[in-house]
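Next up, coords.pdb (PDB, C-alpha atoms):
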ATOM      1  CA  MET A 246      94.316  80.771  86.483
ATOM      2  CA  ASN A 247      96.436  81.836  83.515
ATOM      3  CA  LEU A 248     100.124  81.055  82.870
ATOM      4  CA  ALA A 249     101.400  84.452  84.024
ATOM      5  CA  ASN A 250      99.673  84.080  87.398
ATOM      6  CA  LYS A 251     100.964  80.505  87.766
ATOM      7  CA  ILE A 252     104.532  81.770  87.283
ATOM      8  CA  THR A 253     103.898  84.379  89.972
ATOM      9  CA  ILE A 254     102.720  81.612  92.321
ATOM     10  CA  VAL A 255     105.935  79.674  91.568
ATOM     11  CA  ARG A 256     107.913  82.794  92.578
ATOM     12  CA  ILE A 257     106.083  82.835  95.906
ATOM     13  CA  LEU A 258     106.877  79.117  96.379
ATOM     14  CA  PHE A 259     110.585  79.848  95.793
ATOM     15  CA  ILE A 260     110.642  81.963  98.961
ATOM     16  CA  PRO A 261     110.558  79.105 101.547
ATOM     17  CA  LEU A 262     113.332  77.328  99.587
ATOM     18  CA  PHE A 263     115.392  80.531  99.597
ATOM     19  CA  ILE A 264     114.954  80.870 103.371
ATOM     20  CA  MET A 265     115.865  77.220 104.009
ATOM     21  CA  LEU A 266     119.067  77.501 101.982
ATOM     22  CA  PHE A 267     120.214  80.719 103.644
ATOM     23  CA  PRO A 268     122.858  79.738 106.246
ATOM     24  CA  ILE A 269     121.195  80.602 109.551
ATOM     25  CA  TYR A 270     121.463  77.210 111.214
ATOM     26  CA  PRO A 271     121.964  76.729 114.973
ATOM     27  CA  ASP A 272     125.305  75.305 116.113
ATOM     28  CA  TRP A 273     123.796  72.085 117.465
ATOM     29  CA  LEU A 274     122.315  71.282 114.049
ATOM     30  CA  ILE A 275     125.549  72.108 112.220
ATOM     31  CA  GLU A 276     127.453  69.685 114.473
ATOM     32  CA  LYS A 277     124.995  66.839 113.829
ATOM     33  CA  SER A 278     124.579  67.006 110.055
ATOM     34  CA  THR A 279     127.112  67.018 107.235
ATOM     35  CA  LEU A 280     124.417  68.370 104.909
ATOM     36  CA  VAL A 281     123.847  71.337 107.217
ATOM     37  CA  GLN A 282     127.625  71.835 107.491
ATOM     38  CA  HIS A 283     127.740  71.982 103.691
ATOM     39  CA  LEU A 284     124.848  74.445 103.587
ATOM     40  CA  GLN A 285     126.474  76.546 106.307
ATOM     41  CA  SER A 286     129.486  76.951 104.012
ATOM     42  CA  TYR A 287     127.816  77.107 100.600
ATOM     43  CA  GLY A 288     124.130  77.755 101.292
ATOM     44  CA  ILE A 289     124.510  81.492 100.663
ATOM     45  CA  TYR A 290     125.457  80.711  97.057
ATOM     46  CA  TYR A 291     122.526  78.308  96.602
ATOM     47  CA  ALA A 292     120.219  80.877  98.193
ATOM     48  CA  SER A 293     121.590  83.530  95.821
ATOM     49  CA  ILE A 294     120.824  81.316  92.816
ATOM     50  CA  VAL A 295     117.253  80.725  94.029
ATOM     51  CA  PHE A 296     116.838  84.448  94.728
ATOM     52  CA  ILE A 297     118.050  85.391  91.252
ATOM     53  CA  LEU A 298     115.890  82.728  89.561
ATOM     54  CA  ALA A 299     112.848  83.880  91.506
ATOM     55  CA  SER A 300     113.578  87.473  90.505
ATOM     56  CA  ILE A 301     113.862  86.481  86.824
ATOM     57  CA  THR A 302     110.368  84.984  86.954
ATOM     58  CA  ASP A 303     109.137  88.517  87.726
ATOM     59  CA  LYS A 304     110.202  89.601  84.229
ATOM     60  CA  LEU A 305     108.909  86.370  82.703
ATOM     61  CA  ASP A 306     105.375  86.585  84.104
ATOM     62  CA  GLY A 307     105.146  90.255  83.115
ATOM     63  CA  TYR A 308     106.302  89.473  79.568
ATOM     64  CA  ILE A 309     103.802  86.617  79.202
ATOM     65  CA  ALA A 310     100.961  88.677  80.666
ATOM     66  CA  ARG A 311     101.562  91.494  78.165
ATOM     67  CA  LYS A 312     102.305  89.329  75.114
ATOM     68  CA  TYR A 313      99.314  87.014  75.538
ATOM     69  CA  ASN A 314      96.953  89.608  76.988
ATOM     70  CA  GLN A 315      96.812  87.814  80.357
ATOM     71  CA  ILE A 316      96.837  90.932  82.529
ATOM     72  CA  THR A 317      94.315  90.401  85.326
ATOM     73  CA  ASN A 318      93.431  92.153  88.569
ATOM     74  CA  LEU A 319      94.673  89.057  90.417
ATOM     75  CA  GLY A 320      97.999  89.363  88.638
ATOM     76  CA  LYS A 321      98.205  93.077  89.437
ATOM     77  CA  LEU A 322      97.880  92.198  93.123
ATOM     78  CA  LEU A 323      99.899  88.942  93.234
ATOM     79  CA  ASP A 324     102.911  90.128  91.228
ATOM     80  CA  PRO A 325     103.932  93.010  93.523
ATOM     81  CA  LEU A 326     103.047  90.899  96.584
ATOM     82  CA  ALA A 327     105.437  88.164  95.416
ATOM     83  CA  ASP A 328     108.166  90.774  94.883
ATOM     84  CA  LYS A 329     107.618  92.251  98.341
ATOM     85  CA  LEU A 330     107.708  88.851 100.057
ATOM     86  CA  LEU A 331     110.905  87.859  98.255
ATOM     87  CA  VAL A 332     112.751  91.127  98.918
ATOM     88  CA  THR A 333     111.511  91.408 102.513
ATOM     89  CA  SER A 334     112.650  87.850 103.292
ATOM     90  CA  ALA A 335     116.084  88.586 101.842
ATOM     91  CA  LEU A 336     116.442  91.878 103.726
ATOM     92  CA  ILE A 337     115.511  90.314 107.073
ATOM     93  CA  LEU A 338     118.010  87.482 106.546
ATOM     94  CA  LEU A 339     120.750  89.931 105.519
ATOM     95  CA  VAL A 340     120.171  92.026 108.651
ATOM     96  CA  ASN A 341     120.186  88.872 110.784
ATOM     97  CA  GLN A 342     123.609  87.943 109.403
ATOM     98  CA  HIS A 343     124.914  91.537 109.716
ATOM     99  CA  PHE A 344     125.384  91.873 105.957
ATOM    100  CA  ILE A 345     123.451  95.173 105.940
ATOM    101  CA  TYR A 346     122.347  97.718 108.544
ATOM    102  CA  ALA A 347     118.874  97.313 110.025
ATOM    103  CA  TRP A 348     117.866 100.835 108.975
ATOM    104  CA  ILE A 349     118.309  99.875 105.304
ATOM    105  CA  ALA A 350     115.827  97.037 105.686
ATOM    106  CA  PHE A 351     113.524  99.298 107.718
ATOM    107  CA  VAL A 352     113.415 101.912 104.936
ATOM    108  CA  MET A 353     112.833  99.369 102.168
ATOM    109  CA  ILE A 354     110.260  97.300 104.054
ATOM    110  CA  GLY A 355     108.559 100.445 105.363
ATOM    111  CA  ARG A 356     108.098 101.692 101.813
ATOM    112  CA  GLU A 357     106.516  98.367 100.843
ATOM    113  CA  VAL A 358     104.126  98.475 103.822
ATOM    114  CA  VAL A 359     102.935 101.966 102.873
ATOM    115  CA  ILE A 360     102.492 101.086  99.187
ATOM    116  CA  THR A 361     100.730  97.827 100.044
ATOM    117  CA  TYR A 362      98.325  99.762 102.283
ATOM    118  CA  ILE A 363      97.568 102.126  99.388
ATOM    119  CA  ARG A 364      96.927  99.154  97.088
ATOM    120  CA  VAL A 365      94.601  97.539  99.649
ATOM    121  CA  VAL A 366      92.619 100.766 100.018
ATOM    122  CA  ALA A 367      92.402 101.093  96.227
ATOM    123  CA  SER A 368      91.392  97.437  95.903
ATOM    124  CA  SER A 369      88.566  97.915  98.402
ATOM    125  CA  HIS A 370      87.228 100.545  95.967
ATOM    126  CA  LYS A 371      87.611  98.150  92.998
ATOM    127  CA  ILE A 372      90.750  99.896  91.741
ATOM    128  CA  ALA A 373      93.824  97.791  90.907
ATOM    129  CA  LEU A 374      96.960  99.938  90.963
ATOM    130  CA  GLN A 375      99.954  98.762  88.934
ATOM    131  CA  ALA A 376     103.606  99.398  89.656
ATOM    132  CA  ASP A 377     104.941 102.444  87.861
ATOM    133  CA  ARG A 378     108.249 102.845  86.030
ATOM    134  CA  PHE A 379     110.131 103.920  89.164
ATOM    135  CA  GLY A 380     108.696 100.978  91.091
ATOM    136  CA  LYS A 381     110.094  98.626  88.451
ATOM    137  CA  ILE A 382     113.499 100.336  88.493
ATOM    138  CA  LYS A 383     113.442 100.101  92.295
ATOM    139  CA  MET A 384     112.759  96.369  92.144
ATOM    140  CA  VAL A 385     115.589  95.703  89.681
ATOM    141  CA  LEU A 386     118.054  97.748  91.737
ATOM    142  CA  GLN A 387     117.002  96.045  94.981
ATOM    143  CA  VAL A 388     117.436  92.595  93.418
ATOM    144  CA  VAL A 389     120.889  93.438  92.018
ATOM    145  CA  ALA A 390     121.993  95.007  95.325
ATOM    146  CA  ILE A 391     120.705  92.117  97.455
ATOM    147  CA  ALA A 392     122.331  89.533  95.159
ATOM    148  CA  ALA A 393     125.643  91.427  95.235
ATOM    149  CA  VAL A 394     125.569  91.637  99.048
ATOM    150  CA  MET A 395     124.717  87.939  99.386
ATOM    151  CA  LEU A 396     127.602  87.073  97.061
ATOM    152  CA  LYS A 397     129.920  89.275  99.153
ATOM    153  CA  ASN A 398     130.610  91.747  96.349
ATOM    154  CA  ARG A 399     131.281  89.042  93.763
ATOM    155  CA  PRO A 400     131.908  89.273  90.829
ATOM    156  CA  PHE A 401     132.922  92.918  91.368
ATOM    157  CA  SER A 402     135.605  91.995  93.938
ATOM    158  CA  TYR A 403     137.545  90.186  91.194
ATOM    159  CA  PHE A 404     138.137  93.523  89.441
ATOM    160  CA  THR A 405     138.118  96.185  92.152
ATOM    161  CA  GLN A 406     138.337  96.729  95.899
ATOM    162  CA  VAL A 407     135.466  99.233  95.708
ATOM    163  CA  PRO A 408     132.466  97.893  97.694
ATOM    164  CA  ILE A 409     130.092  97.920  94.716
ATOM    165  CA  ASP A 410     127.579  95.800  96.651
ATOM    166  CA  GLN A 411     127.254  98.469  99.357
ATOM    167  CA  ILE A 412     127.082 101.286  96.798
ATOM    168  CA  LEU A 413     124.291  99.432  95.004
ATOM    169  CA  MET A 414     122.479  98.948  98.316
ATOM    170  CA  TYR A 415     122.603 102.665  99.149
ATOM    171  CA  ALA A 416     121.460 103.501  95.610
ATOM    172  CA  ALA A 417     118.569 101.064  96.103
ATOM    173  CA  VAL A 418     117.593 102.890  99.315
ATOM    174  CA  ILE A 419     117.510 106.244  97.489
ATOM    175  CA  VAL A 420     115.465 104.875  94.573
ATOM    176  CA  THR A 421     113.164 103.066  97.029
ATOM    177  CA  LEU A 422     112.396 106.323  98.828
ATOM    178  CA  TYR A 423     111.897 108.265  95.607
ATOM    179  CA  SER A 424     109.675 105.595  94.032
ATOM    180  CA  GLY A 425     107.519 105.536  97.163
ATOM    181  CA  TYR A 426     107.136 109.313  97.091
ATOM    182  CA  ASN A 427     106.342 109.248  93.355
ATOM    183  CA  TYR A 428     103.762 106.450  93.779
ATOM    184  CA  ILE A 429     101.962 108.291  96.572
ATOM    185  CA  LYS A 430     102.008 111.566  94.625
ATOM    186  CA  ASN A 431     100.622 109.960  91.439
ATOM    187  CA  ASN A 432      97.859 108.010  93.200
ATOM    188  CA  TYR A 433      96.809 110.573  95.804
ATOM    189  CA  ARG A 434      93.828 111.807  93.796
ATOM    190  CA  ILE A 435      92.669 108.261  93.044
ATOM    191  CA  LEU A 436      92.760 107.406  96.734
ATOM    192  CA  LYS A 437      91.067 110.598  97.927
ATOM    193  CA  PHE A 438      87.615 109.052  98.193
ATOM    194  CA  ASP A 439      84.580 110.848  99.524
ATOM    195  CA  SER A 440      83.884 109.947 103.126
TER     196      SER A 440
END

For this file, write the structure as structure tokens.
Amino acid sequence: MNLANKITIVRILFIPLFIMLFPIYPDWLIEKSTLVQHLQSYGIYYASIVFILASITDKLDGYIARKYNQITNLGKLLDPLADKLLVTSALILLVNQHFIYAWIAFVMIGREVVITYIRVVASSHKIALQADRFGKIKMVLQVVAIAAVMLKNRPFSYFTQVPIDQILMYAAVIVTLYSGYNYIKNNYRILKFDS
């Protein structure tokens, strides 16, 4: 396994840590542990740091794969899977804490389910589909929007009362829908196999 793929695996391993730091602890546990009380108050910030670090590794593994010619079919499958797991985990936790509406998560996760299905079908025919330009823009926008929502509109709230975090989230929904449409349109012929 090459370095780029190892970094992708590290991103996947960040996900359980992100979930554990996110403050969703039951009351009985909060009352019994000072550590959990601390995490209940500040865990969202720790979780945000882990989320951002994990997201940065997405750029790092892609850079290494291209620079050192380490692009593999495994990497083409693992990299988007790691992104989907990270973003999906964050969206579910944000809905659980009422930071975003459930329909936002439904749209974003639904898009990922459809695209993953297309990739699985392509993979069964020995075709590895890569993310396109709009898919990459979508990922960056989702990461920025999720981080801003987790940080409760910081640092934007220091300069303006405009809910930039929510605006970013709605923009991410629009780009998510468009990127899904564009991906299906561009790969339709590839996936139209003879029965």

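For the choices A:Ile301, A:Leu413, A:Met384, A:Ile372, the atom-to-atom distance to Lys329 of chain A is smallest for A:Met384 when using all atoms listed in the file.
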
Excluding Met395 of chain A and residues on its chain fewer than 6 positions from it, collect all residues at most 12 Å away from it, counting all atoms listed in the file, and give them as a short mmCIF file (atom, residue, chain, number, x, y, z; two decimals) with C-alpha atoms, in the coordinates of the input.
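Below is the file result_21.cif, written as the result:
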data_model
loop_
_atom_site.label_atom_id
_atom_site.label_comp_id
_atom_site.auth_asym_id
_atom_site.auth_seq_id
_atom_site.Cartn_x
_atom_site.Cartn_y
_atom_site.Cartn_z
CA PHE A 263 115.39 80.53 99.60
CA PHE A 267 120.21 80.72 103.64
CA PRO A 268 122.86 79.74 106.25
CA TYR A 287 127.82 77.11 100.60
CA GLY A 288 124.13 77.76 101.29
CA ILE A 289 124.51 81.49 100.66
CA TYR A 290 125.46 80.71 97.06
CA TYR A 291 122.53 78.31 96.60
CA ALA A 292 120.22 80.88 98.19
CA SER A 293 121.59 83.53 95.82
CA ILE A 294 120.82 81.32 92.82
CA VAL A 295 117.25 80.72 94.03
CA PHE A 296 116.84 84.45 94.73
CA ILE A 297 118.05 85.39 91.25
CA ALA A 335 116.08 88.59 101.84
CA LEU A 336 116.44 91.88 103.73
CA LEU A 338 118.01 87.48 106.55
CA LEU A 339 120.75 89.93 105.52
CA VAL A 340 120.17 92.03 108.65
CA GLN A 342 123.61 87.94 109.40
CA HIS A 343 124.91 91.54 109.72
CA PHE A 344 125.38 91.87 105.96
CA ILE A 345 123.45 95.17 105.94
CA VAL A 388 117.44 92.60 93.42
CA VAL A 389 120.89 93.44 92.02
CA ASP A 410 127.58 95.80 96.65
CA GLN A 411 127.25 98.47 99.36
CA MET A 414 122.48 98.95 98.32
#

Could you list, with a cut-off of 9 Å and counting all atoms listed in the file, the residues of segment 279-344 of chain A near segment 357-361 of chain A, each shown with its nearest atom pair and the distance in Å rounded to one decimal, rows sorted by chain and ascending number, as CSV?
residue,atom,partner,partner_atom,distance
A:Pro325,CA,A:Thr361,CA,8.7
A:Leu326,CA,A:Thr361,CA,8.1
A:Lys329,CA,A:Glu357,CA,6.7
A:Thr333,CA,A:Glu357,CA,8.7

Between A:Asn431, A:Asn398, A:Gln282, A:Asn247, which residue has the minimum interatomic distance to Gly320 of chain A, considering only C-alpha atoms?
A:Asn247

Rank A:Ala392, A:Ile363, A:Ile275, A:Ile409 by their smallest atom-to-atom distance to Lys430 of chain A, using only C-alpha atoms, and report the top residue only.
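Ranked by minimum distance to Lys430 of chain A, first place goes to A:Ile363.
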
Between atom CA of Gly380 of chain A and atom CA of Lys321 of chain A, what is the distance in Å, rounded to a tenth?
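Going from atom CA of Gly380 of chain A over to atom CA of Lys321 of chain A covers 13.2 Å.
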
So what does the PyMOL selection byres ((chain A and resi 281) around 12) actually pick up in this one, as a ChimeraX atom specification?
/A:265-280,282-288

One decimal place gives the atom CA of Asn341 of chain A-atom CA of Ile391 of chain A separation as 13.7 Å

Calculate how many Å separate atom CA of Ala249 of chain A from atom CA of Gly355 of chain A, rounding to one decimal.
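Calculated distance between atom CA of Ala249 of chain A and atom CA of Gly355 of chain A is 27.6 Å.
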
Exercise: Pro408 of chain A partners within 12 Å, only C-alpha atoms, chain neighbours under 4 positions left out, as a ChimeraX atom specification
/A:390,393-394,396-404,412-415

Within 10 Å of (92.8, 87.1, 85.6) (coordinates as in the file), grab all the protein and nucleic acid residues, counting all atoms listed in the file, and write them out as an NGL selection string.
:A and (246-250 or 310 or 314-321)

Residues selected by the PyMOL selection byres ((chain A and resi 381) around 12), written as a compact mmCIF listing (two decimals) with C-alpha atoms, in the coordinates of the input:
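Output (part-v9.txt):
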# COMPACT_ATOMS: atom_id res chain seq x y z
CA SER A 300 113.58 87.47 90.50
CA ASP A 303 109.14 88.52 87.73
CA LYS A 304 110.20 89.60 84.23
CA GLY A 307 105.15 90.26 83.12
CA ASP A 324 102.91 90.13 91.23
CA PRO A 325 103.93 93.01 93.52
CA ASP A 328 108.17 90.77 94.88
CA GLN A 375 99.95 98.76 88.93
CA ALA A 376 103.61 99.40 89.66
CA ASP A 377 104.94 102.44 87.86
CA ARG A 378 108.25 102.84 86.03
CA PHE A 379 110.13 103.92 89.16
CA GLY A 380 108.70 100.98 91.09
CA ILE A 382 113.50 100.34 88.49
CA LYS A 383 113.44 100.10 92.30
CA MET A 384 112.76 96.37 92.14
CA VAL A 385 115.59 95.70 89.68
CA LEU A 386 118.05 97.75 91.74
CA GLN A 387 117.00 96.04 94.98
CA VAL A 388 117.44 92.60 93.42
CA ALA A 417 118.57 101.06 96.10
CA VAL A 420 115.46 104.88 94.57
CA THR A 421 113.16 103.07 97.03
CA SER A 424 109.68 105.60 94.03
CA GLY A 425 107.52 105.54 97.16
CA TYR A 428 103.76 106.45 93.78

Residues near Thr253 of chain A, anyone? I mean within 7 Å using all atoms listed in the file, not counting same-chain ones fewer than 2 positions away, as a ChimeraX atom specification.
/A:249-251,255-257,306,323-324,327

Of the listed residues A:Ile254, A:Leu262, A:Ile309, A:Leu322, that which approaches Ser334 of chain A most closely, counting all atoms listed in the file
A:Leu262

All file atoms of segment 351-364 of chain A boxed axis-aligned, 8 Å per side, centre plus edges, as AutoDock Vina command-line options:
--center_x 105.2 --center_y 99.7 --center_z 102.4 --size_x 32.6 --size_y 20.8 --size_z 26.6

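When only C-alpha atoms are used to measure the gap to Phe351 of chain A, the shortest distance among A:Leu422, A:Leu374, A:Leu305, A:Val407 belongs to A:Leu422.
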